[in-house]
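Participant: What follows is a single structure, and I will ask about it in a moment.
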Amino acid sequence: MRRVVTIVSAALAAILALSLSAGTAEATPPGIPSASTAASRLAALTVAAESHASTYNRDLFPHWITISGSCDTREQVLKRDGTNVVTSSSCAATSGRWFSPYDGATWTAASDVDIDHMVPLAEAWRSGAWAWTTAKRQSFANSLNDGQLWAVTDNVNQSKSDQDPSTWKPSVASFRCTYARAWIGVKSNWGLSLQSAEKTALQSMLATC
């Protein structure tokens, strides 16, 4: 009898684990390269010193913009990455559940969630976006087709600020593989350069995959 109970308990635990992993996968932005592809893309990125830091202005990256109907980019990400999200007629999230992969926290109020730019706007500016048109910078700041936008705990996003992986990493160590893959994917997709210390940090994070 004990064996039967043990087997049933193990089966239920496995089902629960699958359910949780499926839920997490649904909250992952699209277009994140595999570890092997990310490693290849990382090797192809240009290593260069940052520049134009003193001329950065957040207003040069217009966001959030209207995506569909009355929904702007922030609201689209909240709906995409949340669970059981209910919105008002103006597309504001009135209820739902959001899991922040950076720190492992779960929130039920949209006001506790920020939409993080995986590659911060100031970092992008210093890495080549200073030469872009405003239209291209707007597309970058509102990109829903790659791993650029993430729903995360607000104060964690603020702590990250404009840092790259050489000075800031998610506190959840098991997420660092995905973080590195997403970061590399964004920089590769948009033709941005990276610093030597940044590359070394990304290689170390990829080694955990």
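All residue names refer to the structure tokens as shown: chains lettered A, B, ... in order, residues numbered from 1 in each chain, ligands numbered from 1 in order.
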For the interface of range 118-147 of chain A with range 41-60 of chain A (cut-off 8 Å, counting only C-alpha atoms), please tabulate each contacting residue of range 118-147 of chain A alongside its nearest pair of atoms and their separation in Å to one decimal, rows sorted by chain and increasing number, as JSON lines.
Facilitator:
```
{"residue": "A:Leu121", "atom": "CA", "partner": "A:Arg58", "partner_atom": "CA", "distance": 7.1}
{"residue": "A:Ala122", "atom": "CA", "partner": "A:Tyr56", "partner_atom": "CA", "distance": 6.4}
{"residue": "A:Trp125", "atom": "CA", "partner": "A:Tyr56", "partner_atom": "CA", "distance": 6.6}
{"residue": "A:Arg126", "atom": "CA", "partner": "A:Glu50", "partner_atom": "CA", "distance": 5.0}
{"residue": "A:Ser127", "atom": "CA", "partner": "A:Glu50", "partner_atom": "CA", "distance": 5.6}
{"residue": "A:Gly128", "atom": "CA", "partner": "A:Ser51", "partner_atom": "CA", "distance": 8.0}
{"residue": "A:Trp130", "atom": "CA", "partner": "A:His52", "partner_atom": "CA", "distance": 7.0}
{"residue": "A:Thr134", "atom": "CA", "partner": "A:Leu60", "partner_atom": "CA", "distance": 6.1}
{"residue": "A:Arg137", "atom": "CA", "partner": "A:Leu60", "partner_atom": "CA", "distance": 7.0}
{"residue": "A:Gln138", "atom": "CA", "partner": "A:Leu60", "partner_atom": "CA", "distance": 7.8}
```
Participant: Write to file, as a short mmCIF file (atom, residue, chain, number, x, y, z; two decimals), in the first residue's frame, the residues of the selection just made, with C-alpha atoms.
Facilitator:
```cif
data_model
loop_
_atom_site.label_atom_id
_atom_site.label_comp_id
_atom_site.auth_asym_id
_atom_site.auth_seq_id
_atom_site.Cartn_x
_atom_site.Cartn_y
_atom_site.Cartn_z
CA LEU A 121 18.17 51.97 -23.79
CA ALA A 122 21.25 53.80 -22.50
CA TRP A 125 22.84 54.08 -27.20
CA ARG A 126 26.46 53.61 -26.07
CA SER A 127 26.73 50.43 -28.17
CA GLY A 128 25.74 51.96 -31.49
CA TRP A 130 23.40 56.75 -31.16
CA THR A 134 14.61 57.91 -34.13
CA ARG A 137 15.20 53.51 -31.84
CA GLN A 138 11.42 53.51 -31.40
#
```
Participant: Quick one: DSSP helix (DSSP H, G or I) residues in chain A, as number ranges by chain?
Facilitator: A: 2-26, 35-44, 53-55, 58-60, 73-81, 110-112, 121-126, 129-131, 134-141, 154-160, 173-189, 196-206
Participant: With the cut-off set at 9 Å and counting only C-alpha atoms, tabulate each residue of range 42-155 of chain A with an atom at most that distance from an atom of range 159-167 of chain A, showing the nearest atom pair and its distance in Å to one decimal, ordered by chain and increasing number, as a tab-separated table.
Facilitator:
```
residue	atom	partner	partner_atom	distance
A:Val119	CA	A:Asp164	CA	7.5
A:Pro120	CA	A:Asp162	CA	5.1
A:Leu121	CA	A:Asp162	CA	7.2
A:Ala122	CA	A:Asp162	CA	5.9
A:Glu123	CA	A:Asp162	CA	5.8
A:Asp154	CA	A:Ser159	CA	8.7
A:Asn155	CA	A:Ser159	CA	6.0
```
Participant: Kindly indicate which residue among A:Asn142, A:Ser70, A:Ser111, A:Gln148 lies nearest to Val186 in chain A, using only C-alpha atoms for the distances.
Facilitator: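 Of A:Asn142, A:Ser70, A:Ser111, A:Gln148, the one nearest Val186 in chain A, counting only C-alpha atoms, is A:Gln148.
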Participant: Looking at only C-alpha atoms, which of A:Ala93, A:Ala35, A:Ile115, A:Ile67 is the one that sits closest to Ala151 in chain A?
Facilitator: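 When distances to Ala151 in chain A are compared using only C-alpha atoms, the smallest one comes from A:Ile115.
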Participant: Find the residues near Thr73 in chain A: any atom within 10 Å, counting only C-alpha atoms, skip ones fewer than 2 places away on the same chain, and give them as a list in words.
Facilitator: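 Surrounding residues, per the criterion: His63, Trp64, Ile65, Thr66, Ile67, Ser68, Cys71, Glu75, Gln76, Val77, Leu78, Lys79, Ile115, Ala141, Asn142, Ser143, Leu144 and Leu149 of chain A.
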Participant: Out of A:Trp150, A:Trp107, A:Phe175, A:Phe140, which residue has the shortest atom-to-atom distance to Lys187 in chain A when counting only C-alpha atoms?
Facilitator: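 That would be A:Phe140, the residue with the smallest distance to Lys187 in chain A.
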Participant: So, with only C-alpha atoms as the atoms that count, which of A:Thr94, A:Ser204, A:Thr106, A:Asn84 lies closest to Lys169 in chain A?
Facilitator: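 Checking each of A:Thr94, A:Ser204, A:Thr106, A:Asn84 against Lys169 in chain A, counting only C-alpha atoms, the winner is A:Ser204.
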Participant: Between CA of Glu198 in chain A and CA of Pro101 in chain A, measure the distance and give it in Å to one decimal.
Facilitator: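 Taking CA of Glu198 in chain A and CA of Pro101 in chain A, their separation equals 20.9 Å.
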Participant: State, in Å with one decimal place, the distance from CA of Ser36 in chain A to CA of Tyr102 in chain A.
Facilitator: 22.1 Å
Participant: Mind the document's chain letters and residue numbers, and return as a ChimeraX atom specification the residues of range 39-174 of chain A that DSSP labels strand (DSSP E).
Facilitator: /A:66-68,71-72,83-87,93-100,105-107,113-117,149-153
Participant: Save the residues we just selected, C-alpha atoms, as a PDB file, in the first residue's frame?
Facilitator:
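Here's the written file out_9.pdb:
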```
ATOM      1  CA  THR A  66       0.143  52.074 -29.350  1.00  0.00           C
ATOM      2  CA  ILE A  67       0.313  48.489 -30.605  1.00  0.00           C
ATOM      3  CA  SER A  68      -3.312  47.514 -31.129  1.00  0.00           C
ATOM      4  CA  CYS A  71      -3.196  48.884 -25.993  1.00  0.00           C
ATOM      5  CA  ASP A  72       0.337  50.217 -25.768  1.00  0.00           C
ATOM      6  CA  THR A  83      -1.565  34.623 -16.232  1.00  0.00           C
ATOM      7  CA  ASN A  84      -5.350  35.199 -16.153  1.00  0.00           C
ATOM      8  CA  VAL A  85      -4.871  38.878 -17.004  1.00  0.00           C
ATOM      9  CA  VAL A  86      -8.065  40.943 -17.036  1.00  0.00           C
ATOM     10  CA  THR A  87      -8.003  44.357 -18.696  1.00  0.00           C
ATOM     11  CA  ALA A  93      -4.491  45.375 -16.496  1.00  0.00           C
ATOM     12  CA  THR A  94      -6.948  45.282 -13.583  1.00  0.00           C
ATOM     13  CA  SER A  95      -5.991  41.834 -12.314  1.00  0.00           C
ATOM     14  CA  GLY A  96      -3.697  38.944 -13.128  1.00  0.00           C
ATOM     15  CA  ARG A  97      -0.555  37.205 -11.979  1.00  0.00           C
ATOM     16  CA  TRP A  98       3.004  37.938 -13.087  1.00  0.00           C
ATOM     17  CA  PHE A  99       6.130  35.899 -12.403  1.00  0.00           C
ATOM     18  CA  SER A 100       9.397  37.858 -12.442  1.00  0.00           C
ATOM     19  CA  ALA A 105       8.838  36.868  -7.248  1.00  0.00           C
ATOM     20  CA  THR A 106       5.148  36.655  -8.190  1.00  0.00           C
ATOM     21  CA  TRP A 107       2.875  39.716  -8.272  1.00  0.00           C
ATOM     22  CA  VAL A 113       5.611  45.154 -12.385  1.00  0.00           C
ATOM     23  CA  ASP A 114       7.926  47.065 -14.717  1.00  0.00           C
ATOM     24  CA  ILE A 115       8.614  46.221 -18.342  1.00  0.00           C
ATOM     25  CA  ASP A 116      12.371  45.845 -18.544  1.00  0.00           C
ATOM     26  CA  HIS A 117      14.409  46.445 -21.681  1.00  0.00           C
ATOM     27  CA  LEU A 149      10.934  43.178 -23.234  1.00  0.00           C
ATOM     28  CA  TRP A 150      10.310  41.386 -19.909  1.00  0.00           C
ATOM     29  CA  ALA A 151       7.716  41.822 -17.151  1.00  0.00           C
ATOM     30  CA  VAL A 152       9.732  41.947 -13.916  1.00  0.00           C
ATOM     31  CA  THR A 153       9.603  43.238 -10.346  1.00  0.00           C
TER      32      THR A 153
END
```
Participant: Could you state the separation of CA of Leu192 in chain A and CA of Asp103 in chain A in Å, given to one decimal place?
Facilitator: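 Interatomic distance here is 26.6 Å.
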